[in-house]
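Engineer: Sending over a structure as structure tokens; questions will come in a sec.
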Amino acid sequence: MTSHWLRNTVALVASGLLVAVSAAPTAHALPVRKSHAALVVDSIDKFIIPHNEAFKAATARLAGAMAAVCSAGGDAPSRAAATAAFADTARAWGSLDFIRFGPVTRAHRLERVLFWPDPRATAQRQLGALIAARKQDVIAPGALASQSVAVQGLTALEILLYDDKAPLGTGTDETAVYRCAFARAIADNLATIAREIADEWTGADGFRLKMVAAGSDNPLYKDASETARDVVKGLATGLELCRDRFLMPELTALAADPPKRARLPFDRAELMGAYLSASLIGLHDLFDATGLVAFVPADKPWMAEFLPRAWKSLIADSATLDGLRTSQRGSEAHLHALRKMRFDIGGIRSIVVRELATNAEIDMGFNELDGD
Amino acid sequence: MTGALALLALPRAFGCSEASAAAGASPAHVYVSAARFPKNAYGVVIFAEDGRVLREIPIRERGHDVAVDPVFRRGVVFARRPGAFALAFDIDGAREPSLFAPPPNRHFYGHGIFARDGRLIYATEHDAETGEGVIGVYDATGNWRRTGEFPSYGVGPHEAIVLADGKTLAVANGGFSNDLATGRESIGIGVMEPNIAFIDLATGSLKARHGLSGDLNMLSLRHLVETPRGDVWFGGQWQGAMEEAPSLIGCVGLDKSVRLLDAADAPGVALRGYIGAVALSADGRYLAATAPRADRVIYADTETGKIVREIAIDDSSGIVPAGRAEFAMSTGKGVVRIGHDGGEPDLRTFSSTEFDNHLRRV
């Protein structure tokens with residue numbers, strides 16, 4: 001279902017630019033090998049720009065939904081619409097948060113959209129202090145952008161929106177009204193950030209052109225192999241993020257004696273699995289857009305069969321995680337799903353970095369890729 | 001906990017826990033580095049300047065830096081951040097390696113440094129409760145027991161060095177942290193406040209601390225070296241937008257605030273925002289900094305603050321002085337380039353070996 005949602009959204013926003021999901025390739029019929037330049041152009045036009053547009057559209061709907069909650073006195077339908085819009089926004093962000101170059105790196109946008117990891121609940125603490133102070137200038141249009149990154153995005157909005165003890169928009173006292181206004185300000189802030197990111201990718205001075213026009217006069221990219229390296233690095237980073245954000249904390253917590261409850265992103269909204277699924281689907285879409293599967297080495301044809309199987313298995317397993325966590329946390333089935341996903345992620349990452357990228361002459365150096 | 005950190009055998013030609021030494025005369029210079037081998041096996045490689053591998057020591061996960069004992073011929077490799085083990089070993093293989101670990105609510109950040117007398121080792125660590133950095137102190141006289149700790153006076157301490165006075169520790173607090181549960185994902189990038197802290201080793205108290213101005217707060221200060229004049233030079237890693245990367249190299253002192261090289265002379269964007277390691281030439285004049293994302297090493301004249309040389313080398317990583325004004329540099333491609341004053345460098349290639357961030361000379 002999540003898969004359909006994302007694909008439909010992306011396809012809709014891209015105005016016909018479909019994110020191709022090829023049939024499982026076989027060793028005998030691999031796609032045509034793309035040049036570095038084509039790999040980059042396709043990754044931008046078929047993945048990065050459509051997904052950023054989808055995120056922009058989702059945040060615009062979220063801003064509208066939050067405004068409705070506050071003006072409708074927090075009635076059940078408006079709150080349901082707001083939580084649905086929040087979930088759509090989280091999924092849209094999850095599908096591209098591993099693209100960590102270009103406009104998203106400017107002005108702390110990455111951290112402002114999602115403040116995570118947050119091991120010491122900084123967002124909750126700072127949010128509580130700001131709401132207690134009830135300063136109107138903090139929630140004035142555009143003012144939130146200059147506040148702490150911890151209170152500007154999805155992490156803080158989740159705290160406000162998923163609070164059963166104080167349903168957003170229902171109270172009439174000063175604090176309740178301020179809370180709702182703060183939530184609106186966050187949603188508006190997210191919409192602004194999303195618009196900035198999407199807009200800065202396109203246009204005459206857009207980051208797309210900086211990547212496509214690599215050359216000696218381009219201070220950022222001297223040749224197409226450098227841009228291809230950033231794209232493939234995004235794939236590798238995304239796979240690591242999925243593992244380090246969702247799988248490892250859960251496995252570590254369950255291995256403790258006695259087992260602990262892992263602190264996961266979107267735990268309060270119960271969107272952990274949805275976010276992870278969106279990330280994996282996004283990574284799969286990006287992988288397809290790169291066309292890297294064409295670079296399966298001739299002497300390792302099994303990889304062409306392993307890769308689609310592993311992607312499919314990963315995405316299917318991620319869809320089961322929320323249910324397993326709720327009803328069978330720590331069970332053998334839960335642990336099996338986590339370990340299997342860890343295995344598949346490791347396998348895909350290793351093949352992408354060490355085999356496909358190498359075969360495509362995209363140099364992913366040991367220290368360059370993940371040094372310290 | 002230490003007992004759980006069992007050594008894994010590498011799929012290479014090892015004896016028991018170590019590979020045997022290669023035959024030949026005693027080398028003039030011995031180098032040591034953490035490395036990755038095929039099938040995601042990790043270890044420490046000890047090799048001679050002529051390229052002979054003297055010893056390989058397996059470790060269970062990826063290492064980072066190796067602290068070399070200035071008195072006894074020992075080294076300690078630290079797991080990279082967030083790391084839960086360190087392995088002490090004898091350079092000549094005279095004793096079995098010893099594994100030690102930080103307490104459960106601490107983890108290593110990949111670096112440590114011996115005291116001048118070799119009796120203690122200081123490790124950069126993370127306090128999981130507070131998120132602050134600490135310096136763990138371990139007994140290096142035999143049992144590697146943790147004897148105490150003091151603050152690093154910042155978040156995410158990375159490299160620390162004992163200054164020439166033997167009494168002061170300079171710490172590069174990178175500004176962001178990691179947690180064992182969430183692995184490599186950086187914590188607090190949006191609220192970074194990196195600094196270089198100077199700490200009194202006798203008391204653990206802060207002597208001085210120098211941070212960066214607000215517009216430079218995303219420059220994570222990570223690697224350090226001291227000049228004979230007492231200045232501390234550093235290499236940083238930019239966490240912001242690449243086109244906004246400032247100069248990545250600069251210096252600081254106990255009573256001197258941070259100064260960066262002129263960005264026009266050493267543009268951060270050309271180095272892809274990332275310095276992997278720094279070293280000072282034996283004559284004390286030239287700073288070398290590796291830039292693996294830009295596939296090069298740059299030399300800066302510490303007297304003029306100018307970049308005086310660039311060497312193109314794929315996936316550069318570790319660097320140490322060689323000769324008077326030259327350097328030996330390792331790469332993730334398994335190559336070590338040993339420079340000679342006024343002569344052509346020697347290139348040594350190590351098969352199936354990817355050298356990790358840091359290279360040290362014994």
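So you can find residues: chains in the structure tokens are A, B, ... in the order shown, residues in each start at 1, and ligands are numbered from 1 in order.
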For Ala81 in chain A, find every residue with an atom within 9 Å (counting only C-alpha atoms), except residues of its own chain fewer than 2 positions away, and show them as a PDB file with C-alpha atoms, in the first residue's frame.
Structural biologist:
```
ATOM      1  CA  LEU A  62       0.258  19.278   5.948  1.00  0.00           C
ATOM      2  CA  ALA A  65      -4.330  20.372   7.483  1.00  0.00           C
ATOM      3  CA  MET A  66      -2.719  21.925  10.537  1.00  0.00           C
ATOM      4  CA  ALA A  68      -7.730  23.384   9.675  1.00  0.00           C
ATOM      5  CA  VAL A  69      -7.132  21.625  13.009  1.00  0.00           C
ATOM      6  CA  ALA A  76     -11.961  14.448  15.041  1.00  0.00           C
ATOM      7  CA  PRO A  77     -12.091  14.701  11.226  1.00  0.00           C
ATOM      8  CA  SER A  78      -9.628  17.582  11.072  1.00  0.00           C
ATOM      9  CA  ARG A  79      -7.224  15.832  13.442  1.00  0.00           C
ATOM     10  CA  THR A  83      -2.299  12.906  11.180  1.00  0.00           C
ATOM     11  CA  ALA A  84      -2.788  11.471   7.689  1.00  0.00           C
ATOM     12  CA  ALA A  85      -0.990  14.476   6.208  1.00  0.00           C
ATOM     13  CA  PHE A  86       1.788  14.077   8.780  1.00  0.00           C
TER      14      PHE A  86
END
```
Engineer: Might you pull out every residue within 10 Å of Gly63 in chain B, with only C-alpha atoms counted and same-chain residues fewer than 4 positions away left off, and present them as a VMD selection string?
Structural biologist: chain B and resid 33 to 36 42 to 44 59 77 to 81 83 85 to 87 110 to 111 356 to 358
Engineer: Kindly export the residues of the current selection with N, CA and C atoms, as a tab-separated table (two decimals), in the first residue's frame.
Structural biologist:
```
chain	number	residue	atom	x	y	z
B	33	SER	N	49.51	0.64	10.83
B	33	SER	CA	48.22	1.23	10.45
B	33	SER	C	47.12	0.19	10.58
B	34	ALA	N	45.93	0.65	10.87
B	34	ALA	CA	44.76	-0.23	10.78
B	34	ALA	C	44.43	-0.41	9.30
B	35	ALA	N	43.78	-1.52	8.98
B	35	ALA	CA	43.49	-1.79	7.57
B	35	ALA	C	42.28	-2.71	7.45
B	36	ARG	N	41.74	-2.71	6.23
B	36	ARG	CA	40.70	-3.68	5.90
B	36	ARG	C	41.27	-4.67	4.89
B	42	TYR	N	39.31	-7.20	9.30
B	42	TYR	CA	40.05	-6.01	9.70
B	42	TYR	C	41.27	-6.39	10.53
B	43	GLY	N	42.27	-5.55	10.52
B	43	GLY	CA	43.45	-5.84	11.31
B	43	GLY	C	44.38	-4.65	11.40
B	44	VAL	N	45.52	-4.91	12.03
B	44	VAL	CA	46.60	-3.93	12.11
B	44	VAL	C	47.77	-4.48	11.30
B	59	ILE	N	41.73	-7.84	14.11
B	59	ILE	CA	40.79	-7.22	15.06
B	59	ILE	C	39.38	-7.49	14.56
B	77	VAL	N	45.54	-0.10	19.07
B	77	VAL	CA	44.61	0.29	18.01
B	77	VAL	C	43.23	0.47	18.65
B	78	PHE	N	42.59	1.57	18.29
B	78	PHE	CA	41.25	1.86	18.80
B	78	PHE	C	40.21	1.59	17.73
B	79	ALA	N	39.10	0.98	18.15
B	79	ALA	CA	37.97	0.80	17.24
B	79	ALA	C	37.49	2.17	16.80
B	80	ARG	N	37.02	2.27	15.58
B	80	ARG	CA	36.57	3.59	15.15
B	80	ARG	C	35.21	3.90	15.77
B	81	ARG	N	34.87	5.17	15.75
B	81	ARG	CA	33.65	5.62	16.44
B	81	ARG	C	32.41	4.99	15.83
B	83	GLY	N	33.16	3.08	18.98
B	83	GLY	CA	33.88	1.82	19.14
B	83	GLY	C	33.84	1.30	20.56
B	85	PHE	N	36.05	-1.34	21.62
B	85	PHE	CA	37.23	-2.10	22.02
B	85	PHE	C	38.51	-1.38	21.61
B	86	ALA	N	39.57	-1.75	22.30
B	86	ALA	CA	40.91	-1.33	21.91
B	86	ALA	C	41.81	-2.54	22.09
B	87	LEU	N	42.84	-2.63	21.27
B	87	LEU	CA	43.73	-3.78	21.35
B	87	LEU	C	45.16	-3.28	21.48
B	110	GLY	N	37.91	6.41	18.47
B	110	GLY	CA	38.89	6.01	17.46
B	110	GLY	C	40.32	6.44	17.72
B	111	HIS	N	40.53	7.29	18.75
B	111	HIS	CA	41.88	7.79	19.01
B	111	HIS	C	42.27	7.66	20.48
B	356	ASP	N	43.54	2.18	6.60
B	356	ASP	CA	42.54	3.05	7.20
B	356	ASP	C	43.15	4.42	7.45
B	357	ASN	N	42.36	5.29	8.07
B	357	ASN	CA	42.66	6.72	8.18
B	357	ASN	C	44.08	7.12	8.56
B	358	HIS	N	44.72	6.37	9.45
B	358	HIS	CA	45.94	6.89	10.05
B	358	HIS	C	47.14	5.95	9.91
```
Engineer: For chain A, which of B:Gly343, B:Pro58, B:Gly253, B:Gly235 is the closest residue, counting only C-alpha atoms?
Structural biologist: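 For chain A, the nearest of the given residues is B:Gly235.
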Engineer: Hey, could you make a per-residue contact list for chain A against chain B with 10 Å as the cut-off, showing the nearest pair of atoms and its distance in Å to one decimal, counting only C-alpha atoms, sorted by chain and number, as CSV?
Structural biologist:
```
residue,atom,partner,partner_atom,distance
A:Arg100,CA,B:Ala241,CA,9.1
A:Phe101,CA,B:Ala241,CA,7.2
A:Gly102,CA,B:Ala241,CA,6.9
A:Pro103,CA,B:Ala241,CA,7.6
A:Val104,CA,B:Ala241,CA,8.1
A:Thr105,CA,B:Ala241,CA,4.7
A:Arg106,CA,B:Ala241,CA,5.1
A:Ala107,CA,B:Gly240,CA,8.0
A:His108,CA,B:Gly190,CA,6.2
A:Arg109,CA,B:Gly190,CA,9.0
A:Leu110,CA,B:Gly190,CA,8.5
A:Glu111,CA,B:Gly190,CA,5.7
A:Arg112,CA,B:Gly190,CA,7.7
A:Phe115,CA,B:Gly190,CA,8.1
A:Trp116,CA,B:Ile187,CA,7.1
A:Pro117,CA,B:Ile187,CA,5.6
A:Asp118,CA,B:Ile187,CA,7.1
A:Pro119,CA,B:Ile187,CA,8.2
A:Arg120,CA,B:Thr130,CA,7.9
A:Thr122,CA,B:Gly188,CA,9.7
A:Ser148,CA,B:Val191,CA,7.9
A:Val149,CA,B:Gly190,CA,6.2
A:Ala150,CA,B:Gly190,CA,8.1
A:Pro219,CA,B:Val269,CA,7.2
A:Leu220,CA,B:Glu243,CA,6.7
A:Tyr221,CA,B:Ala270,CA,9.3
A:Lys222,CA,B:Ala270,CA,9.7
A:Glu226,CA,B:Ala294,CA,9.6
A:Thr237,CA,B:Glu185,CA,9.6
A:Glu240,CA,B:Arg184,CA,8.2
A:Leu241,CA,B:Glu185,CA,7.0
A:Arg243,CA,B:Thr182,CA,8.6
A:Asp244,CA,B:Thr182,CA,4.9
A:Arg245,CA,B:Thr182,CA,5.7
A:Phe246,CA,B:Thr182,CA,8.2
A:Leu247,CA,B:Thr182,CA,9.0
A:Met248,CA,B:Ala181,CA,6.3
A:Pro249,CA,B:Ala181,CA,4.7
A:Glu250,CA,B:Ala181,CA,8.3
A:Leu251,CA,B:Ala181,CA,8.8
A:Thr252,CA,B:Ala181,CA,6.4
A:Ala253,CA,B:Ala181,CA,8.0
A:Ala262,CA,B:Ala181,CA,8.5
A:Arg263,CA,B:Ala181,CA,9.1
A:Leu264,CA,B:Thr182,CA,9.5
A:Ser350,CA,B:Asn40,CA,9.7
A:Asp363,CA,B:Asp315,CA,9.2
A:Met364,CA,B:Asp315,CA,8.6
A:Gly365,CA,B:Asp315,CA,5.4
A:Phe366,CA,B:Gly332,CA,5.2
A:Asn367,CA,B:Gly332,CA,5.9
A:Glu368,CA,B:Arg293,CA,4.8
A:Leu369,CA,B:Arg293,CA,7.8
A:Asp370,CA,B:Arg184,CA,9.5
A:Gly371,CA,B:Asn357,CA,6.5
A:Asp372,CA,B:Gly276,CA,6.6
```
Engineer: To one decimal place in Å, what is the distance between CA of Ile298 in chain B and CA of Ala279 in chain B?
Structural biologist: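 Separating CA of Ile298 in chain B from CA of Ala279 in chain B is a distance of 10.7 Å.
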Engineer: Tell me which protein, DNA and RNA residues are within 10 Å of Arg119 in chain B, counting only C-alpha atoms, leaving out same-chain ones fewer than 2 positions away, and put them as a short mmCIF file (atom, residue, chain, number, x, y, z; two decimals) with C-alpha atoms, in the first residue's frame.
Structural biologist:
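The resulting out.cif:
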```cif
data_model
loop_
_atom_site.label_atom_id
_atom_site.label_comp_id
_atom_site.auth_asym_id
_atom_site.auth_seq_id
_atom_site.Cartn_x
_atom_site.Cartn_y
_atom_site.Cartn_z
CA ASP B 69 54.08 4.11 22.91
CA VAL B 71 58.97 4.50 25.43
CA PHE B 72 58.21 0.84 24.91
CA PHE B 114 50.19 7.56 25.45
CA ALA B 115 51.61 9.69 28.23
CA ARG B 116 55.21 10.70 27.62
CA ASP B 117 56.46 8.06 30.06
CA ILE B 121 47.05 6.04 27.80
CA TYR B 138 43.92 3.61 31.27
CA ASP B 139 46.83 2.00 33.07
CA ALA B 140 49.41 1.02 30.44
CA THR B 141 51.80 -0.67 32.87
CA GLY B 142 50.24 -4.07 32.51
CA TRP B 144 44.97 -1.75 30.81
#
```
Engineer: Could you give me, as a ChimeraX atom specification, the residues within 6 Å of Ser247 in chain B, counting only C-alpha atoms and dropping anything in the same chain fewer than 3 positions from it?
Structural biologist: /B:263,266-268
Engineer: Could you list, as a list in words, every residue within 8 Å of Arg184 in chain A, counting only C-alpha atoms and ignoring same-chain residues fewer than 4 positions away?
Structural biologist: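 Using only C-alpha atoms, the neighbours found are Ala63, Met66, Ala67, Cys70, Cys180 and Asp188 of chain A.
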Engineer: Take the residues from that selection and put them in a file with N, CA and C atoms, as a compact mmCIF listing (two decimals), in the first residue's frame.
Structural biologist:
```
# COMPACT_ATOMS: atom_id res chain seq x y z
N ALA A 63 0.53 21.69 5.93
CA ALA A 63 0.31 23.05 6.44
C ALA A 63 -1.18 23.38 6.41
N MET A 66 -2.96 21.39 9.19
CA MET A 66 -2.72 21.93 10.54
C MET A 66 -3.51 23.20 10.77
N ALA A 67 -3.61 24.01 9.74
CA ALA A 67 -4.42 25.24 9.87
C ALA A 67 -5.87 24.86 10.15
N CYS A 70 -6.49 23.80 13.86
CA CYS A 70 -6.54 24.91 14.81
C CYS A 70 -7.82 25.74 14.64
N CYS A 180 -1.28 24.84 19.48
CA CYS A 180 -1.79 24.64 18.13
C CYS A 180 -1.12 25.62 17.16
N ASP A 188 4.10 25.16 8.62
CA ASP A 188 4.43 26.21 7.64
C ASP A 188 5.93 26.24 7.37
```
Engineer: What gap, in Å, lies between CA of Ser281 in chain B and CA of Val32 in chain B?
Structural biologist: 17.8 Å
Engineer: Restricting the calculation to only C-alpha atoms, which member of B:Glu61, B:Ile199, B:Ile135, B:Phe150 is positioned closest to Lys39 in chain B?
Structural biologist: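 Using only C-alpha atoms, Lys39 in chain B sits closest to B:Glu61.
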Engineer: Given only C-alpha atoms as the basis, pick out the residue of A:Ala187, A:Ala166, A:Ala224, A:Leu114 nearest to Pro141 in chain A.
Structural biologist: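 Selected residue with least distance to Pro141 in chain A: A:Ala187.
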Engineer: With only C-alpha atoms as the basis for distance, which of A:Asp317, A:Leu271, A:Lys56, A:Val212 is at the shortest distance from Phe343 in chain A?
Structural biologist: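 That would be A:Asp317, the residue with the smallest distance to Phe343 in chain A.
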Engineer: Skipping near chain neighbours, those fewer than 4 positions away, what residues fall within 8 Å of Leu307 in chain A using only C-alpha atoms, listed as a VMD selection string?
Structural biologist: chain A and resid 303 311 348
Engineer: Restricting the output to C-alpha atoms, write the selected residues as a PDB file, in the first residue's frame.
Structural biologist:
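The result, stored in selection.pdb:
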```
ATOM      1  CA  MET A 303      24.083 -10.813  -8.398  1.00  0.00           C
ATOM      2  CA  TRP A 311      15.116  -5.433  -2.530  1.00  0.00           C
ATOM      3  CA  ILE A 348      23.028  -4.849  -1.416  1.00  0.00           C
TER       4      ILE A 348
END
```
Engineer: Could you check which of A:Met211, A:Ala194, A:Leu335, A:Met272 is closest to Asp322 in chain A, using only C-alpha atoms?
Structural biologist: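 Going through A:Met211, A:Ala194, A:Leu335, A:Met272 one by one, the smallest distance to Asp322 in chain A is for A:Met272.
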Engineer: My list of candidates is A:Glu196, A:Asp97, A:Asp344, A:Asp230. Which is closest to Leu283 in chain A when distances are computed with only C-alpha atoms?
Structural biologist: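 So, comparing all the options, the nearest one is A:Asp97.
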Engineer: Grab the CA of Gly339 in chain B to CA of Ala322 in chain B distance for me, in Å with one decimal place.
Structural biologist: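 Computing it gives 6.4 Å between the two atoms.
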Engineer: Output as an mmCIF file with C-alpha atoms, in the first residue's frame all residues of range 68-189 of chain A that backbone DSSP marks as helix (DSSP H, G or I).
Structural biologist:
```
data_model
loop_
_atom_site.group_PDB
_atom_site.id
_atom_site.type_symbol
_atom_site.label_atom_id
_atom_site.label_comp_id
_atom_site.auth_asym_id
_atom_site.auth_seq_id
_atom_site.Cartn_x
_atom_site.Cartn_y
_atom_site.Cartn_z
ATOM 1 C CA ALA A 68 -7.730 23.384 9.675
ATOM 2 C CA VAL A 69 -7.132 21.625 13.009
ATOM 3 C CA CYS A 70 -6.543 24.910 14.811
ATOM 4 C CA SER A 71 -9.468 26.704 13.201
ATOM 5 C CA ALA A 76 -11.961 14.448 15.041
ATOM 6 C CA PRO A 77 -12.091 14.701 11.226
ATOM 7 C CA SER A 78 -9.628 17.582 11.072
ATOM 8 C CA ARG A 79 -7.224 15.832 13.442
ATOM 9 C CA ALA A 80 -7.507 12.629 11.413
ATOM 10 C CA ALA A 81 -6.716 14.599 8.277
ATOM 11 C CA ALA A 82 -3.736 16.207 10.004
ATOM 12 C CA THR A 83 -2.299 12.906 11.180
ATOM 13 C CA ALA A 84 -2.788 11.471 7.689
ATOM 14 C CA ALA A 85 -0.990 14.476 6.208
ATOM 15 C CA PHE A 86 1.788 14.077 8.780
ATOM 16 C CA ALA A 87 2.191 10.422 7.829
ATOM 17 C CA ASP A 88 2.329 11.315 4.130
ATOM 18 C CA THR A 89 4.953 13.961 4.845
ATOM 19 C CA ALA A 90 7.055 11.576 6.932
ATOM 20 C CA ARG A 91 6.923 8.967 4.176
ATOM 21 C CA ALA A 92 7.785 11.549 1.526
ATOM 22 C CA TRP A 93 10.801 12.667 3.544
ATOM 23 C CA GLY A 94 11.812 9.095 4.301
ATOM 24 C CA GLY A 102 22.805 20.007 -2.883
ATOM 25 C CA PRO A 103 20.113 22.329 -1.510
ATOM 26 C CA VAL A 104 19.225 20.127 1.466
ATOM 27 C CA THR A 105 22.665 20.734 2.945
ATOM 28 C CA ARG A 106 22.169 24.498 2.968
ATOM 29 C CA ALA A 107 20.928 26.385 6.024
ATOM 30 C CA HIS A 108 20.707 23.246 8.213
ATOM 31 C CA ARG A 109 17.686 22.049 6.232
ATOM 32 C CA LEU A 110 18.416 18.377 6.789
ATOM 33 C CA GLU A 111 18.362 18.770 10.556
ATOM 34 C CA ARG A 112 15.500 21.271 10.497
ATOM 35 C CA VAL A 113 13.200 18.841 8.689
ATOM 36 C CA THR A 122 16.266 17.625 23.128
ATOM 37 C CA ALA A 123 13.289 18.401 20.901
ATOM 38 C CA GLN A 124 10.793 17.646 23.668
ATOM 39 C CA ARG A 125 12.736 19.633 26.246
ATOM 40 C CA GLN A 126 13.170 22.717 24.071
ATOM 41 C CA LEU A 127 9.614 22.533 22.795
ATOM 42 C CA GLY A 128 8.299 22.357 26.350
ATOM 43 C CA ALA A 129 10.288 25.426 27.344
ATOM 44 C CA LEU A 130 9.103 27.444 24.338
ATOM 45 C CA ILE A 131 5.462 26.537 24.885
ATOM 46 C CA ALA A 132 5.701 27.367 28.556
ATOM 47 C CA ALA A 133 7.070 30.804 27.619
ATOM 48 C CA GLN A 136 4.247 35.282 20.151
ATOM 49 C CA ASP A 137 7.294 36.399 18.186
ATOM 50 C CA VAL A 138 8.527 32.788 18.031
ATOM 51 C CA ILE A 139 5.467 31.699 16.058
ATOM 52 C CA ALA A 143 10.218 33.275 12.755
ATOM 53 C CA LEU A 144 10.601 29.604 13.612
ATOM 54 C CA ALA A 145 13.421 29.298 11.064
ATOM 55 C CA SER A 146 15.722 31.144 13.443
ATOM 56 C CA VAL A 149 16.767 23.176 14.682
ATOM 57 C CA ALA A 150 15.310 20.722 17.209
ATOM 58 C CA VAL A 151 11.905 22.453 17.298
ATOM 59 C CA LEU A 154 8.850 16.624 12.042
ATOM 60 C CA THR A 155 10.340 15.577 15.386
ATOM 61 C CA ALA A 156 8.707 18.487 17.223
ATOM 62 C CA LEU A 157 5.446 18.321 15.279
ATOM 63 C CA GLU A 158 5.083 14.632 16.091
ATOM 64 C CA ILE A 159 5.315 15.460 19.796
ATOM 65 C CA LEU A 160 2.502 17.995 19.497
ATOM 66 C CA LEU A 161 0.260 16.096 17.118
ATOM 67 C CA GLU A 174 -3.757 30.103 26.371
ATOM 68 C CA THR A 175 -1.396 27.153 26.420
ATOM 69 C CA ALA A 176 -3.642 24.992 24.222
ATOM 70 C CA VAL A 177 -4.107 27.788 21.717
ATOM 71 C CA TYR A 178 -0.383 28.479 21.680
ATOM 72 C CA ARG A 179 0.413 24.769 21.191
ATOM 73 C CA CYS A 180 -1.790 24.638 18.131
ATOM 74 C CA ALA A 181 -0.316 27.834 16.745
ATOM 75 C CA PHE A 182 3.155 26.409 17.323
ATOM 76 C CA ALA A 183 2.201 23.252 15.434
ATOM 77 C CA ARG A 184 0.918 25.391 12.567
ATOM 78 C CA ALA A 185 4.172 27.327 12.569
ATOM 79 C CA ILE A 186 6.137 24.085 12.317
ATOM 80 C CA ALA A 187 4.011 22.872 9.407
ATOM 81 C CA ASP A 188 4.430 26.209 7.641
ATOM 82 C CA ASN A 189 8.163 26.075 8.299
#
```
